[in-house]
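A.B. asks: To start, I am sharing the structure in question, which I have written as structure tokens.
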Amino acid sequence: LDRNIEVIADGEATAEPDRATISVAVTATGNDSAAVRDELATSDGELRAALTDWGLDEDDIRTDQYDVRESYETRDNPERTRYQGVHRYAIEIDDVDAVGEVIDVAVDAGADEVQRIEFGLSEEREGEVRETAIENAMANAEDDANVLASSSGLELAGAYSVSTANAGVTPYRVSDAATMAESDGADSANTGVETGDVSVRVSVNVVYAAEQA
């Protein structure tokens, strides 16, 4: 009589981030949609120039949202029509220690809002952490299977089927409220940013062969 024990277990591993994505936005308002677009275009050139001068590549700066629309406050009053525009950027950097400096460069170049900072892992580092998460999940699965086997008068005789189910990465996110200006002297200020570990979670489905104890 074939016997088996099937378990599903989770495993998690954490690591310090080695990349970050900063979300900043430039906003504009005006009585004419074309004027708002022109203002956003001018700001776009200034922001990209400042960030590339700092050391980023053009590919590190991408548009996340671009929108010009009539203001909600004036839609029912055509004589006072105003337009609102927003151009939101996702800025990716590999040096997480430079996040505050990049924020300062963006703000000095015209960014009106720092909406979010997301700390994550590079593809290579994520793969390494995922391996550890899988190892932890397998250890948890074996512990659970041993408990089930013991309570059933069985003992494990090895795993003959293993698969991964859900897997996910939880980046460390910081809202603009969590950034703070720290004075570095009378003529300068650096933005300090709180950081935290990134977690990788994996679920495994393992079927163990079992035999009578």
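Ordering of the structure tokens sets the chain letters (A, B, ...); residue numbers start at 1 within each chain; ligands are numbered from 1 in the order shown.
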Just want the 10 Å neighbourhood of region 105-109 of chain A, counted on only C-alpha atoms, with same-chain residues fewer than 5 positions away dropped. Output as a list in words.

C.D. replies: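 Answer for this query is Ile22, Val24, Ala25, Val26, Ser43, Asp44, Gly45, Glu46, Leu47, Arg48, Ala49, Ala50, Leu51, Asp53, Trp54, Ile91, Val99, Gly100, Val114 and Asn190 of chain A.
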
A.B. asks: DSSP on the backbone, then: every residue of region 72-135 of chain A marked alpha helix (DSSP H), written as a VMD selection string.

C.D. replies: chain A and resid 99 to 108 123 to 135

A.B. asks: Keeping N, CA, C and O atoms, export the residues of the selection given above as a tab-separated table (two decimals), in the first residue's frame.

C.D. replies:
```
chain	number	residue	atom	x	y	z
A	99	VAL	N	19.94	57.81	-2.36
A	99	VAL	CA	18.53	58.16	-2.56
A	99	VAL	C	18.26	59.61	-2.14
A	99	VAL	O	17.63	60.38	-2.86
A	100	GLY	N	18.71	59.96	-0.95
A	100	GLY	CA	18.47	61.32	-0.47
A	100	GLY	C	19.08	62.37	-1.38
A	100	GLY	O	18.48	63.42	-1.65
A	101	GLU	N	20.28	62.09	-1.88
A	101	GLU	CA	20.95	63.03	-2.76
A	101	GLU	C	20.20	63.20	-4.08
A	101	GLU	O	20.04	64.32	-4.59
A	102	VAL	N	19.69	62.09	-4.63
A	102	VAL	CA	18.94	62.15	-5.89
A	102	VAL	C	17.63	62.91	-5.68
A	102	VAL	O	17.21	63.68	-6.55
A	103	ILE	N	17.00	62.71	-4.53
A	103	ILE	CA	15.78	63.47	-4.24
A	103	ILE	C	16.08	64.97	-4.22
A	103	ILE	O	15.33	65.77	-4.79
A	104	ASP	N	17.16	65.34	-3.58
A	104	ASP	CA	17.52	66.76	-3.53
A	104	ASP	C	17.77	67.32	-4.93
A	104	ASP	O	17.35	68.45	-5.24
A	105	VAL	N	18.45	66.54	-5.78
A	105	VAL	CA	18.70	66.99	-7.15
A	105	VAL	C	17.38	67.19	-7.89
A	105	VAL	O	17.18	68.20	-8.58
A	106	ALA	N	16.45	66.23	-7.73
A	106	ALA	CA	15.16	66.32	-8.43
A	106	ALA	C	14.35	67.52	-7.94
A	106	ALA	O	13.77	68.25	-8.74
A	107	VAL	N	14.32	67.72	-6.63
A	107	VAL	CA	13.55	68.85	-6.07
A	107	VAL	C	14.16	70.17	-6.50
A	107	VAL	O	13.46	71.12	-6.88
A	108	ASP	N	15.49	70.26	-6.46
A	108	ASP	CA	16.16	71.50	-6.89
A	108	ASP	C	15.92	71.79	-8.37
A	108	ASP	O	15.95	72.94	-8.80
A	123	GLU	N	17.97	41.82	-9.92
A	123	GLU	CA	17.57	40.48	-10.36
A	123	GLU	C	18.50	39.41	-9.78
A	123	GLU	O	18.05	38.35	-9.32
A	124	GLU	N	19.80	39.68	-9.80
A	124	GLU	CA	20.76	38.71	-9.29
A	124	GLU	C	20.58	38.50	-7.79
A	124	GLU	O	20.56	37.36	-7.30
A	125	ARG	N	20.45	39.60	-7.05
A	125	ARG	CA	20.30	39.49	-5.60
A	125	ARG	C	18.98	38.83	-5.23
A	125	ARG	O	18.91	38.03	-4.29
A	126	GLU	N	17.93	39.15	-5.97
A	126	GLU	CA	16.63	38.53	-5.69
A	126	GLU	C	16.70	37.02	-5.87
A	126	GLU	O	16.11	36.26	-5.09
A	127	GLY	N	17.44	36.57	-6.90
A	127	GLY	CA	17.58	35.14	-7.11
A	127	GLY	C	18.27	34.46	-5.94
A	127	GLY	O	17.89	33.36	-5.52
A	128	GLU	N	19.30	35.12	-5.39
A	128	GLU	CA	20.02	34.55	-4.25
A	128	GLU	C	19.12	34.45	-3.03
A	128	GLU	O	19.11	33.43	-2.32
A	129	VAL	N	18.35	35.51	-2.78
A	129	VAL	CA	17.47	35.51	-1.61
A	129	VAL	C	16.35	34.51	-1.78
A	129	VAL	O	15.92	33.85	-0.82
A	130	ARG	N	15.87	34.35	-3.00
A	130	ARG	CA	14.80	33.39	-3.27
A	130	ARG	C	15.28	31.97	-2.98
A	130	ARG	O	14.51	31.14	-2.47
A	131	GLU	N	16.52	31.67	-3.31
A	131	GLU	CA	17.07	30.35	-3.00
A	131	GLU	C	17.01	30.08	-1.50
A	131	GLU	O	16.66	28.97	-1.06
A	132	THR	N	17.37	31.08	-0.71
A	132	THR	CA	17.31	30.92	0.75
A	132	THR	C	15.88	30.73	1.21
A	132	THR	O	15.60	29.91	2.10
A	133	ALA	N	14.96	31.47	0.60
A	133	ALA	CA	13.54	31.33	0.97
A	133	ALA	C	13.04	29.93	0.66
A	133	ALA	O	12.26	29.34	1.43
A	134	ILE	N	13.47	29.37	-0.47
A	134	ILE	CA	13.06	28.01	-0.83
A	134	ILE	C	13.63	27.01	0.17
A	134	ILE	O	12.94	26.07	0.61
A	135	GLU	N	14.89	27.19	0.55
A	135	GLU	CA	15.49	26.30	1.55
A	135	GLU	C	14.71	26.36	2.87
A	135	GLU	O	14.46	25.32	3.50
```

A.B. asks: Which region 77-191 of chain A residues have any atom within 9 Å of an atom of region 31-41 of chain A, and for each, what is the nearest pair of atoms with distance in Å to one decimal, counting only C-alpha atoms, rows sorted by chain and number, as a tab-separated table?

C.D. replies:
```
residue	atom	partner	partner_atom	distance
A:Arg80	CA	A:Asn31	CA	7.8
A:Thr81	CA	A:Asn31	CA	6.2
A:Arg82	CA	A:Asn31	CA	4.4
A:Tyr83	CA	A:Ser33	CA	5.8
A:Gln84	CA	A:Val36	CA	7.1
A:Gly85	CA	A:Val36	CA	6.2
A:Val86	CA	A:Leu40	CA	7.5
A:His87	CA	A:Leu40	CA	6.9
```

A.B. asks: Would you please work out which residue, of A:Ala15, A:Ala210, A:Ala28, A:Asn166, is nearest to Asn146 (chain A) when using only C-alpha atoms?

C.D. replies: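 Between A:Ala15, A:Ala210, A:Ala28, A:Asn166, the residue approaching Asn146 (chain A) most closely is A:Ala210.
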
A.B. asks: What's the 9 Å shell around region 9-11 of chain A, counting only C-alpha atoms, without same-chain residues fewer than 2 positions away, as a count of residues only?

C.D. replies: 22

A.B. asks: Just list as a PyMOL selection string whatever in chain A DSSP marks as strand (DSSP E or B).

C.D. replies: chain A and resi 3-15+19-30+61-70+83-93+113-120+154-170+172-175+179-183+189-193+198-212

A.B. asks: So which residues touch Gly158 (chain A) within 6 Å, counting only C-alpha atoms, skipping near sequence neighbours fewer than 2 positions away, as a list of chain:residue names?

C.D. replies: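 What passes the distance filter is A:Leu156, A:Tyr208, A:Ala209.
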
A.B. asks: For the residues in the current selection, export N, CA and C atoms as a CSV table (one decimal), in the first residue's frame.

C.D. replies:
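To be explicit, this is the file written out as result-v4.csv:
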```
chain,number,residue,atom,x,y,z
A,156,LEU,N,8.8,9.3,7.4
A,156,LEU,CA,9.1,9.7,6.0
A,156,LEU,C,10.1,8.8,5.4
A,208,TYR,N,5.7,13.6,0.3
A,208,TYR,CA,6.7,12.7,0.8
A,208,TYR,C,6.1,11.2,0.8
A,209,ALA,N,7.0,10.3,0.4
A,209,ALA,CA,6.7,8.9,0.6
A,209,ALA,C,6.8,8.6,2.1
```

A.B. asks: Rounded to one decimal place, report the CA of Glu6 (chain A)-CA of Ala149 (chain A) distance in Å.

C.D. replies: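 CA of Ala149 (chain A) lies 10.4 Å from CA of Glu6 (chain A).
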
A.B. asks: Pick the closest to Asp18 (chain A) from A:Ala90, A:Ala98, A:Val193, A:Val68: which is it, counting only C-alpha atoms?

C.D. replies: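 Of A:Ala90, A:Ala98, A:Val193, A:Val68, the one nearest Asp18 (chain A) is A:Ala98, counting only C-alpha atoms.
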
A.B. asks: Using only C-alpha atoms, can you tell me which of A:Gln212, A:Thr29, A:Thr52, A:Thr164 comes closest to Arg69 (chain A)?

C.D. replies: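 The answer is A:Thr29, which sits nearest to Arg69 (chain A).
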
A.B. asks: Report, in Å to a single decimal, how far apart CA of Tyr66 (chain A) and CA of Pro17 (chain A) are.

C.D. replies: 28.5 Å

A.B. asks: Which residue is closest to Gly153 (chain A)? Choose from A:Thr21, A:Arg88, A:Gln65, A:Ala213 and count only C-alpha atoms.

C.D. replies: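 Distance minimum relative to Gly153 (chain A) lands on A:Ala213.
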